[in-house]
file input.cif (mmCIF, C-alpha atoms)
data_input
#
loop_
_atom_site.label_atom_id
_atom_site.label_comp_id
_atom_site.auth_asym_id
_atom_site.auth_seq_id
_atom_site.Cartn_x
_atom_site.Cartn_y
_atom_site.Cartn_z
CA MET A 1 -116.93 -16.31 -29.16
CA LYS A 2 -113.47 -16.52 -27.62
CA ARG A 3 -111.76 -13.18 -27.21
CA LEU A 4 -108.08 -12.41 -27.12
CA PRO A 5 -106.72 -11.14 -23.79
CA ARG A 6 -107.07 -7.40 -23.33
CA THR A 7 -103.88 -5.40 -23.85
CA ASP A 8 -103.46 -1.89 -22.56
CA GLY A 9 -100.71 0.60 -21.87
CA HIS A 10 -99.80 -0.99 -18.57
CA ASP A 11 -98.29 -3.92 -20.43
CA PHE A 12 -95.49 -1.53 -21.40
CA GLU A 13 -94.84 -0.36 -17.88
CA PRO A 14 -91.97 -2.78 -17.10
CA THR A 15 -90.27 -1.80 -20.37
CA VAL A 16 -90.58 1.93 -19.71
CA ARG A 17 -89.33 1.46 -16.15
CA GLU A 18 -86.38 -0.51 -17.46
CA LEU A 19 -85.61 2.24 -19.95
CA ARG A 20 -85.79 4.88 -17.23
CA GLY A 21 -83.48 2.90 -14.97
CA SER A 22 -80.92 2.16 -17.63
CA LEU A 23 -80.89 5.72 -18.87
CA ALA A 24 -80.49 7.05 -15.33
CA ASN A 25 -77.40 4.85 -14.94
CA LEU A 26 -75.97 5.99 -18.26
CA ARG A 27 -76.67 9.62 -17.56
CA ALA A 28 -75.19 9.56 -14.07
CA ALA A 29 -72.04 7.82 -15.36
CA SER A 30 -71.58 10.26 -18.23
CA GLU A 31 -72.07 13.26 -15.94
CA ALA A 32 -69.62 11.80 -13.44
CA LEU A 33 -67.09 11.17 -16.21
CA ASP A 34 -67.45 14.79 -17.23
CA LEU A 35 -66.06 15.83 -13.86
CA LEU A 36 -63.07 13.55 -14.32
CA ALA A 37 -62.03 15.13 -17.62
CA PRO A 38 -58.39 16.30 -17.45
CA PRO A 39 -57.75 20.02 -17.96
CA ASP A 40 -55.53 19.31 -20.97
CA GLU A 41 -58.16 17.20 -22.71
CA SER A 42 -58.06 17.36 -26.50
CA ALA A 43 -60.75 19.27 -28.37
CA ASP A 44 -61.93 16.04 -30.00
CA ALA A 45 -62.39 14.28 -26.67
CA LYS A 46 -64.22 17.30 -25.30
CA SER A 47 -66.56 17.35 -28.29
CA LEU A 48 -67.26 13.63 -28.04
CA ARG A 49 -68.02 13.93 -24.33
CA ALA A 50 -70.40 16.77 -25.08
CA VAL A 51 -72.18 14.51 -27.57
CA VAL A 52 -72.65 11.78 -24.93
CA LEU A 53 -74.04 14.28 -22.42
CA ALA A 54 -76.36 15.92 -24.94
CA GLU A 55 -77.65 12.59 -26.23
CA ALA A 56 -78.27 11.30 -22.69
CA ALA A 57 -80.33 14.42 -21.97
CA ARG A 58 -82.14 14.03 -25.30
CA LEU A 59 -82.92 10.37 -24.59
CA SER A 60 -84.37 11.42 -21.23
CA GLY A 61 -86.89 13.58 -23.07
CA ILE A 62 -87.74 10.72 -25.42
CA VAL A 63 -88.31 8.29 -22.55
CA ASP A 64 -90.55 10.83 -20.79
CA HIS A 65 -92.54 11.26 -23.97
CA LEU A 66 -92.76 7.51 -24.46
CA GLY A 67 -93.99 7.00 -20.90
CA ALA A 68 -96.67 9.64 -21.30
CA ALA A 69 -97.75 8.12 -24.63
CA LEU A 70 -97.86 4.51 -23.45
CA LEU A 71 -98.88 4.75 -19.81
CA PRO A 72 -102.17 6.40 -18.94
CA ILE A 73 -101.10 6.82 -15.33
CA GLU A 74 -98.28 9.13 -16.41
CA ARG A 75 -100.55 11.47 -18.31
CA PRO A 76 -101.97 14.61 -16.79
CA ALA A 77 -105.73 14.62 -16.44
CA ARG A 78 -107.41 16.22 -19.39
CA GLY A 79 -110.31 15.71 -21.74
CA ARG A 80 -113.97 15.27 -21.24
CA ARG A 81 -116.11 12.18 -21.48
CA PRO A 82 -119.89 12.03 -21.46
CA LEU A 83 -120.79 9.96 -18.45
CA GLY A 84 -123.42 8.04 -20.42
CA ASP A 85 -120.82 6.92 -22.99
CA LEU A 86 -118.44 5.72 -20.30
CA ILE A 87 -121.13 3.75 -18.51
CA SER A 88 -122.47 2.22 -21.72
CA GLU A 89 -119.01 1.12 -22.81
CA LEU A 90 -118.32 -0.41 -19.40
CA ALA A 91 -121.61 -2.31 -19.41
CA ARG A 92 -121.08 -3.54 -22.97
CA GLU A 93 -117.52 -4.75 -22.29
CA ALA A 94 -118.41 -6.34 -18.94
CA ARG A 95 -121.15 -8.37 -20.57
CA ALA A 96 -119.00 -9.36 -23.56
CA ASP A 97 -115.69 -10.03 -21.75
CA LEU A 98 -116.86 -11.21 -18.36
CA ASP A 99 -120.42 -12.33 -18.90
CA LEU A 100 -121.30 -9.89 -16.13
CA PRO A 101 -124.51 -7.91 -16.65
CA ILE A 102 -124.71 -4.40 -15.18
CA ASP A 103 -128.08 -2.86 -14.40
CA LEU A 104 -127.57 0.77 -15.36
CA GLY A 105 -130.69 2.22 -13.79
CA ALA A 106 -131.11 5.87 -14.70
CA ALA A 107 -128.44 8.52 -14.17
CA PRO A 108 -130.00 11.59 -12.55
CA PRO A 109 -130.18 14.49 -15.01
CA ASP A 110 -127.96 16.75 -12.89
CA VAL A 111 -124.92 14.43 -13.03
CA PRO A 112 -122.32 16.15 -15.24
CA ASP A 113 -119.77 14.63 -17.61
CA VAL A 114 -116.46 13.58 -16.12
CA ARG A 115 -112.91 14.75 -16.77
CA LEU A 116 -110.72 11.86 -17.86
CA ALA A 117 -107.14 11.49 -19.02
CA ASN A 118 -108.00 8.29 -20.83
CA GLY A 119 -111.45 6.73 -20.76
CA ALA A 120 -110.18 3.49 -22.32
CA ALA A 121 -107.66 3.06 -19.49
CA LEU A 122 -110.40 3.57 -16.90
CA VAL A 123 -112.70 1.05 -18.56
CA ALA A 124 -109.82 -1.45 -18.83
CA ALA A 125 -108.91 -0.96 -15.17
CA LEU A 126 -112.54 -1.33 -14.09
CA LEU A 127 -112.90 -4.49 -16.13
CA GLY A 128 -109.78 -5.86 -14.43
CA ALA A 129 -111.34 -5.27 -11.00
CA LEU A 130 -114.73 -6.59 -12.08
CA GLY A 131 -113.04 -9.68 -13.52
CA ARG A 132 -111.55 -10.40 -10.11
CA LEU A 133 -114.92 -9.91 -8.47
CA ARG A 134 -116.45 -12.31 -10.96
CA ARG A 135 -113.70 -14.90 -10.56
CA ASP A 136 -112.81 -14.68 -6.88
CA PHE A 137 -116.13 -13.63 -5.35
CA ALA A 138 -118.61 -15.17 -7.77
CA VAL A 139 -120.31 -11.83 -8.37
CA GLY A 140 -123.00 -12.55 -10.97
CA HIS A 141 -124.52 -9.13 -11.60
CA LEU A 142 -124.03 -5.49 -10.68
CA ALA A 143 -126.11 -2.36 -10.39
CA LEU A 144 -124.62 1.00 -11.32
CA ARG A 145 -125.79 4.21 -9.68
CA ALA A 146 -124.50 7.69 -10.53
CA ARG A 147 -124.93 10.82 -8.42
CA LEU A 148 -123.17 13.98 -7.34
CA HIS A 149 -121.27 13.66 -4.07
CA GLN A 150 -119.52 16.71 -2.57
CA GLY A 151 -118.89 18.19 -6.01
CA LEU A 152 -117.59 14.93 -7.49
CA VAL A 153 -119.34 12.45 -9.75
CA ALA A 154 -119.90 9.30 -7.69
CA LEU A 155 -120.32 6.02 -9.54
CA ASP A 156 -121.33 3.07 -7.36
CA LEU A 157 -121.10 -0.46 -8.74
CA LEU A 158 -123.16 -2.46 -6.24
CA TRP A 159 -123.71 -6.16 -5.68
CA PRO A 160 -125.27 -8.29 -2.94
CA ALA A 161 -122.78 -9.98 -0.64
CA SER A 162 -123.16 -12.24 2.38
CA GLU A 163 -121.43 -11.56 5.68
CA PRO A 164 -118.46 -13.93 5.08
CA GLU A 165 -117.97 -12.46 1.61
CA LEU A 166 -117.93 -8.95 3.05
CA TRP A 167 -115.12 -9.95 5.38
CA ARG A 168 -113.21 -11.56 2.55
CA LEU A 169 -113.67 -8.43 0.46
CA ARG A 170 -112.33 -6.27 3.25
CA GLU A 171 -109.23 -8.44 3.47
CA SER A 172 -108.49 -8.37 -0.25
CA HIS A 173 -109.63 -4.87 -1.15
CA ALA A 174 -106.07 -3.52 -1.57
CA GLU A 175 -105.23 -6.17 -4.16
CA LEU A 176 -108.56 -5.65 -5.88
CA LEU A 177 -107.94 -1.93 -6.32
CA SER A 178 -104.24 -2.05 -7.06
CA GLY A 179 -104.47 -4.71 -9.76
CA GLY A 180 -102.95 -8.14 -9.55
CA SER A 181 -101.29 -10.20 -12.17
CA ARG A 182 -100.13 -8.95 -15.56
CA GLY A 183 -102.92 -7.54 -17.68
CA GLU A 184 -105.03 -6.25 -14.79
CA SER A 185 -104.69 -2.49 -14.66
CA PRO A 186 -104.23 -0.88 -11.27
CA LEU A 187 -107.61 0.75 -10.85
CA ARG A 188 -106.55 3.00 -8.00
CA ASP A 189 -103.56 4.38 -9.90
CA VAL A 190 -105.61 5.07 -13.01
CA VAL A 191 -108.38 6.83 -11.09
CA GLN A 192 -105.99 8.86 -8.95
CA ALA A 193 -104.05 9.97 -12.01
CA MET A 194 -107.33 11.37 -13.30
CA GLY A 195 -107.83 13.34 -10.12
CA GLY A 196 -110.37 10.92 -8.65
CA GLU A 197 -110.65 8.41 -5.86
CA VAL A 198 -111.80 4.83 -5.60
CA TRP A 199 -112.66 2.64 -2.66
CA LEU A 200 -114.56 -0.43 -1.70
CA THR A 201 -117.52 0.05 0.61
CA VAL A 202 -119.44 -2.66 2.42
CA ASP A 203 -122.88 -2.29 3.97
CA ARG A 204 -123.44 -5.10 6.45
CA ALA A 205 -127.01 -4.05 7.22
CA ALA A 206 -127.97 -4.15 3.55
CA ALA A 207 -125.71 -7.17 2.85
CA SER A 208 -124.17 -5.41 -0.12
CA ALA A 209 -120.83 -4.12 -1.31
CA ALA A 210 -119.91 -1.41 -3.77
CA LEU A 211 -116.96 -0.28 -5.78
CA ARG A 212 -117.20 3.51 -5.50
CA LEU A 213 -115.51 5.85 -7.96
CA LEU A 214 -115.37 9.57 -7.32
CA LEU A 215 -114.44 11.42 -10.49
CA PRO A 216 -113.94 15.14 -11.06
CA PRO A 217 -116.66 16.72 -13.20
CA ALA A 218 -115.62 18.20 -16.54
CA MET B 1 -65.27 17.12 15.64
CA GLU B 2 -67.45 15.53 13.01
CA SER B 3 -68.73 17.91 10.37
CA ARG B 4 -69.15 15.94 7.13
CA ARG B 5 -72.72 15.15 6.21
CA ARG B 6 -73.46 11.47 5.81
CA VAL B 7 -75.48 10.22 2.87
CA LEU B 8 -76.71 6.66 2.57
CA ILE B 9 -77.38 5.48 -0.99
CA VAL B 10 -79.83 2.60 -1.18
CA ASP B 11 -79.97 1.01 -4.62
CA ASP B 12 -79.40 -2.46 -5.98
CA GLU B 13 -78.12 -1.13 -9.32
CA PRO B 14 -74.30 -1.07 -9.04
CA ASN B 15 -74.02 1.15 -12.12
CA ILE B 16 -75.90 4.05 -10.58
CA VAL B 17 -74.39 3.53 -7.13
CA LEU B 18 -70.92 3.88 -8.60
CA SER B 19 -71.72 7.25 -10.17
CA LEU B 20 -73.73 8.68 -7.31
CA GLU B 21 -71.11 7.64 -4.78
CA PHE B 22 -68.41 9.38 -6.82
CA LEU B 23 -70.45 12.54 -7.30
CA LEU B 24 -71.46 12.79 -3.65
CA ARG B 25 -67.89 12.24 -2.46
CA GLN B 26 -66.77 14.94 -4.88
CA GLN B 27 -69.17 17.26 -3.09
CA GLY B 28 -67.57 16.39 0.23
CA TYR B 29 -70.21 14.06 1.63
CA GLU B 30 -69.42 10.92 3.55
CA VAL B 31 -71.14 8.12 1.66
CA ALA B 32 -72.40 4.71 2.70
CA ILE B 33 -74.03 2.13 0.44
CA ALA B 34 -76.81 -0.37 0.97
CA ARG B 35 -78.02 -2.73 -1.73
CA ASP B 36 -81.40 -3.66 -0.32
CA GLY B 37 -83.91 -2.59 2.27
CA GLU B 38 -82.69 -4.75 5.13
CA GLU B 39 -79.13 -3.58 4.60
CA ALA B 40 -80.35 0.02 4.55
CA LEU B 41 -82.17 -0.32 7.87
CA ALA B 42 -79.13 -1.94 9.44
CA ALA B 43 -76.79 0.73 8.05
CA ALA B 44 -79.04 3.54 9.28
CA ALA B 45 -79.13 1.99 12.76
CA ALA B 46 -75.38 1.43 12.92
CA ARG B 47 -74.41 4.92 11.79
CA PRO B 48 -77.35 7.27 11.32
CA PRO B 49 -77.09 9.23 8.06
CA HIS B 50 -78.29 12.80 7.56
CA LEU B 51 -79.88 11.91 4.26
CA VAL B 52 -80.93 8.74 2.46
CA VAL B 53 -81.09 8.53 -1.33
CA LEU B 54 -83.55 5.68 -1.62
CA ASP B 55 -84.56 3.83 -4.76
CA VAL B 56 -88.19 2.72 -4.77
CA MET B 57 -87.59 -0.54 -6.63
CA LEU B 58 -85.52 -2.75 -4.36
CA PRO B 59 -85.31 -6.50 -3.86
CA GLY B 60 -87.16 -7.63 -0.73
CA LEU B 61 -88.50 -4.59 1.12
CA ASP B 62 -89.32 -1.89 -1.40
CA GLY B 63 -88.29 1.73 -0.98
CA PHE B 64 -91.72 2.77 0.32
CA GLU B 65 -91.55 0.22 3.12
CA VAL B 66 -87.96 1.17 3.99
CA CYS B 67 -89.03 4.80 4.12
CA ARG B 68 -91.94 4.00 6.42
CA ARG B 69 -89.72 1.97 8.77
CA LEU B 70 -87.06 4.68 8.90
CA ARG B 71 -89.73 7.18 9.85
CA GLU B 72 -90.82 4.99 12.76
CA ARG B 73 -87.44 5.37 14.43
CA ALA B 74 -87.33 8.17 16.94
CA GLU B 75 -83.52 8.41 16.79
CA LEU B 76 -83.76 9.29 13.06
CA ALA B 77 -86.14 12.20 13.58
CA GLY B 78 -84.06 14.69 11.60
CA LEU B 79 -83.31 12.31 8.73
CA LYS B 80 -84.03 13.54 5.18
CA ILE B 81 -85.21 11.04 2.59
CA LEU B 82 -84.98 11.51 -1.17
CA LEU B 83 -86.84 8.85 -3.15
CA LEU B 84 -85.74 7.78 -6.63
CA THR B 85 -88.52 6.43 -8.79
CA ALA B 86 -88.92 5.08 -12.30
CA ARG B 87 -92.44 6.57 -12.28
CA GLY B 88 -95.13 4.26 -13.67
CA ARG B 89 -97.29 3.03 -10.82
CA ASP B 90 -95.09 4.75 -8.24
CA VAL B 91 -95.93 8.17 -9.50
CA ASP B 92 -99.02 9.10 -7.52
CA ARG B 93 -97.88 7.43 -4.35
CA VAL B 94 -94.59 9.21 -4.54
CA ARG B 95 -96.20 12.49 -5.50
CA GLY B 96 -98.22 12.29 -2.32
CA LEU B 97 -95.06 11.50 -0.36
CA GLU B 98 -97.35 9.30 1.68
CA GLU B 99 -94.55 7.34 3.24
CA GLY B 100 -92.87 10.36 4.76
CA ALA B 101 -90.23 11.15 2.15
CA ASP B 102 -89.03 14.75 1.88
CA ALA B 103 -88.61 14.78 -1.89
CA TYR B 104 -88.49 12.55 -4.90
CA MET B 105 -86.82 12.49 -8.31
CA SER B 106 -87.95 10.56 -11.35
CA LYS B 107 -85.48 8.59 -13.43
CA PRO B 108 -83.74 9.53 -15.65
CA PHE B 109 -82.78 12.58 -13.61
CA SER B 110 -79.93 14.98 -14.12
CA THR B 111 -77.30 14.35 -11.46
CA ARG B 112 -76.84 18.11 -11.19
CA GLU B 113 -80.47 18.40 -10.10
CA LEU B 114 -79.99 15.54 -7.70
CA MET B 115 -76.93 17.16 -6.13
CA THR B 116 -78.86 20.41 -5.79
CA ALA B 117 -81.73 18.60 -4.11
CA VAL B 118 -79.35 16.85 -1.71
CA ALA B 119 -77.69 20.14 -0.82
CA GLU B 120 -81.03 21.89 -0.27
CA LEU B 121 -82.39 19.10 1.90
CA LEU B 122 -79.27 19.03 4.03
CA GLU B 123 -79.18 22.80 4.32
CA GLY B 124 -82.25 22.72 6.51
CA SER B 125 -81.18 19.76 8.66
CA GLY B 126 -79.34 20.34 11.90
CA GLU B 127 -76.48 18.20 13.16
#
call {"tool": "encode", "arguments": {"input": "input.cif", "output": "structure tokens"}}
result
Amino acid sequence: MKRLPRTDGHDFEPTVRELRGSLANLRAASEALDLLAPPDESADAKSLRAVVLAEAARLSGIVDHLGAALLPIERPARGRRPLGDLISELAREARADLDLPIDLGAAPPDVPDVRLANGAALVAALLGALGRLRRDFAVGHLALRARLHQGLVALDLLWPASEPELWRLRESHAELLSGGSRGESPLRDVVQAMGGEVWLTVDRAAASAALRLLLPPA
Amino acid sequence: MESRRRVLIVDDEPNIVLSLEFLLRQQGYEVAIARDGEEALAAAAARPPHLVVLDVMLPGLDGFEVCRRLRERAELAGLKILLLTARGRDVDRVRGLEEGADAYMSKPFSTRELMTAVAELLEGSGE
């Protein structure tokens, strides 16, 4: 079955940025004009200027609200997500969207739930990174391991990789984590906005690589 | 004797440059303008400013890279840098001030807050 391309909040980012920029220009100009008002200005002109200033400030609040509603990376971290649900959703979507099976193994019983601003954004960002791994590095399957690491929930997505592939991964890890073309969410930004960390690890001795997420427990 | 504080505005948006330049001059600052990163680095070398108001989104070198390069210059050790961001993907990077900026403001900001931030940053910087 052919699926439509995934759409997430990041598709709105250029629009929200544009709004912020344009409104900043408008607001700065109106506040500068306010200083230029002559002392003998008519009451009508003064009232109209006050409207422009008040509406510019009001629009600023609306744009902030819009950004927080549309862009997961602008939201404060909150909420709680059972780790099992998150992992299951990721595995299901990776198989359906990318034809990439993930061996889930068994999460140890002491691994707590994680605190997430937006689980859907995290899954979308992970799928973006996994899609690149599938496409650019011919990764055919993954294993997921969960554990507690220094008080954080560590999720490792592991795959076997040869020596040349490990070098190639090292060279392109920044692009892999920051997202690439339109539609691929910036994994690092999403994870960091949730109070977590993400990095790519390579183990030359074991000939394997891993995408490691460290997420705050709920 | 030179006493006016120099502020370099780096932004490719003429509409905001016009307003910020006016407001900063009103406050008694000497103002210079650069429209991209390369121009900013050249302007800072030619006549070192006390403070740079630096937009993150610039053509060519972005604001983060300009910030990093300014920080590499020993002769600009006392320079203050105020980043302007439209948030989005910038937000965490800016929040961490990883590139050595002293402060940041998110668009759309109030120019009154910006002027206060400029004054506070320059208050602590010696000539």
call {"tool": "atom_distance", "arguments": {"input": "input.cif", "atom1": "atom CA of Val17 of chain B", "atom2": "atom CA of Phe64 of chain B"}}
result
18.9 Å
call {"tool": "interface_residues", "arguments": {"input": "input.cif", "of": "chain A", "to": "chain B", "cutoff": "7 Å", "atoms": "only C-alpha atoms", "output": "list in words"}}
result
Glu13, Arg17, Arg20, Gly21, Leu23, Ala24, Asn25, Ala28, Ala29, Glu31, Ala32, Ser60, Ile73, Glu74, Asp189 and Ala193 of chain A
call {"tool": "residues_around", "arguments": {"input": "input.cif", "residues": "segment 140-148 of chain A", "least_positions_apart": "4", "cutoff": "6 Å", "atoms": "all atoms listed in the file", "output": "PDB file with C-alpha atoms, keeping the file's coordinate frame"}}
result
ATOM      1  CA  LEU A 100    -121.300  -9.890 -16.130  1.00  0.00           C
ATOM      2  CA  PRO A 101    -124.510  -7.910 -16.650  1.00  0.00           C
ATOM      3  CA  ILE A 102    -124.710  -4.400 -15.180  1.00  0.00           C
ATOM      4  CA  ASP A 103    -128.080  -2.860 -14.400  1.00  0.00           C
ATOM      5  CA  LEU A 104    -127.570   0.770 -15.360  1.00  0.00           C
ATOM      6  CA  ALA A 107    -128.440   8.520 -14.170  1.00  0.00           C
ATOM      7  CA  VAL A 111    -124.920  14.430 -13.030  1.00  0.00           C
ATOM      8  CA  LEU A 152    -117.590  14.930  -7.490  1.00  0.00           C
ATOM      9  CA  VAL A 153    -119.340  12.450  -9.750  1.00  0.00           C
ATOM     10  CA  ALA A 154    -119.900   9.300  -7.690  1.00  0.00           C
ATOM     11  CA  LEU A 155    -120.320   6.020  -9.540  1.00  0.00           C
ATOM     12  CA  ASP A 156    -121.330   3.070  -7.360  1.00  0.00           C
ATOM     13  CA  LEU A 157    -121.100  -0.460  -8.740  1.00  0.00           C
ATOM     14  CA  LEU A 158    -123.160  -2.460  -6.240  1.00  0.00           C
ATOM     15  CA  TRP A 159    -123.710  -6.160  -5.680  1.00  0.00           C
TER      16      TRP A 159
END
call {"tool": "residues_around", "arguments": {"input": "input.cif", "residues": "Thr201 of chain A", "least_positions_apart": "3", "cutoff": "10 Å", "atoms": "all atoms listed in the file", "output": "list in words"}}
result
Asp156, Leu158, Leu166, Leu169, Arg170, His173, Val198, Arg204, Ser208, Ala209, Ala210, Leu211 and Arg212 of chain A
call {"tool": "resolve_selection", "arguments": {"input": "input.cif", "expression": "the PyMOL selection byres ((chain B and resi 41) around 12)", "output": "PyMOL selection string"}}
result
chain B and resi 8-10+33-40+42-49+52+54+61-63+65-73+76
call {"tool": "atom_distance", "arguments": {"input": "input.cif", "atom1": "atom CA of Val7 of chain B", "atom2": "atom CA of Leu58 of chain B"}}
result
17.9 Å
call {"tool": "residues_near_point", "arguments": {"input": "input.cif", "point": "(-117.8, -10.6, -12.4)", "cutoff": "6 Å", "atoms": "only C-alpha atoms", "output": "list of chain:residue names"}}
result
A:Leu100, A:Leu130, A:Gly131, A:Leu133, A:Arg134, A:Val139, A:Gly140
call {"tool": "atom_distance", "arguments": {"input": "input.cif", "atom1": "atom CA of Leu187 of chain A", "atom2": "atom CA of Val56 of chain B"}}
result
20.4 Å
call {"tool": "resolve_selection", "arguments": {"input": "input.cif", "expression": "the PyMOL selection byres ((chain B and resi 118) around 12)", "output": "VMD selection string"}}
result
chain B and resid 5 to 9 20 23 to 24 27 to 29 50 to 54 80 to 83 102 to 105 111 to 117 119 to 125
call {"tool": "closest_residue", "arguments": {"input": "input.cif", "among": "A:Asp136, A:Glu175, A:Asp97, A:Glu41", "to": "Leu200 of chain A", "atoms": "only C-alpha atoms"}}
result
A:Glu175
call {"tool": "axis_aligned_box", "arguments": {"input": "input.cif", "around": "segment 136-152 of chain A", "padding_each_side": "5 Å", "output": "AutoDock Vina command-line options"}}
result
--center_x -119.5 --center_y 1.5 --center_z -7.1 --size_x 23.3 --size_y 43.4 --size_z 19.0
call {"tool": "closest_residue", "arguments": {"input": "input.cif", "among": "A:Asp99, A:Asp44, A:Glu197, A:Glu93", "to": "Ala124 of chain A", "atoms": "all atoms listed in the file"}}
result
A:Glu93
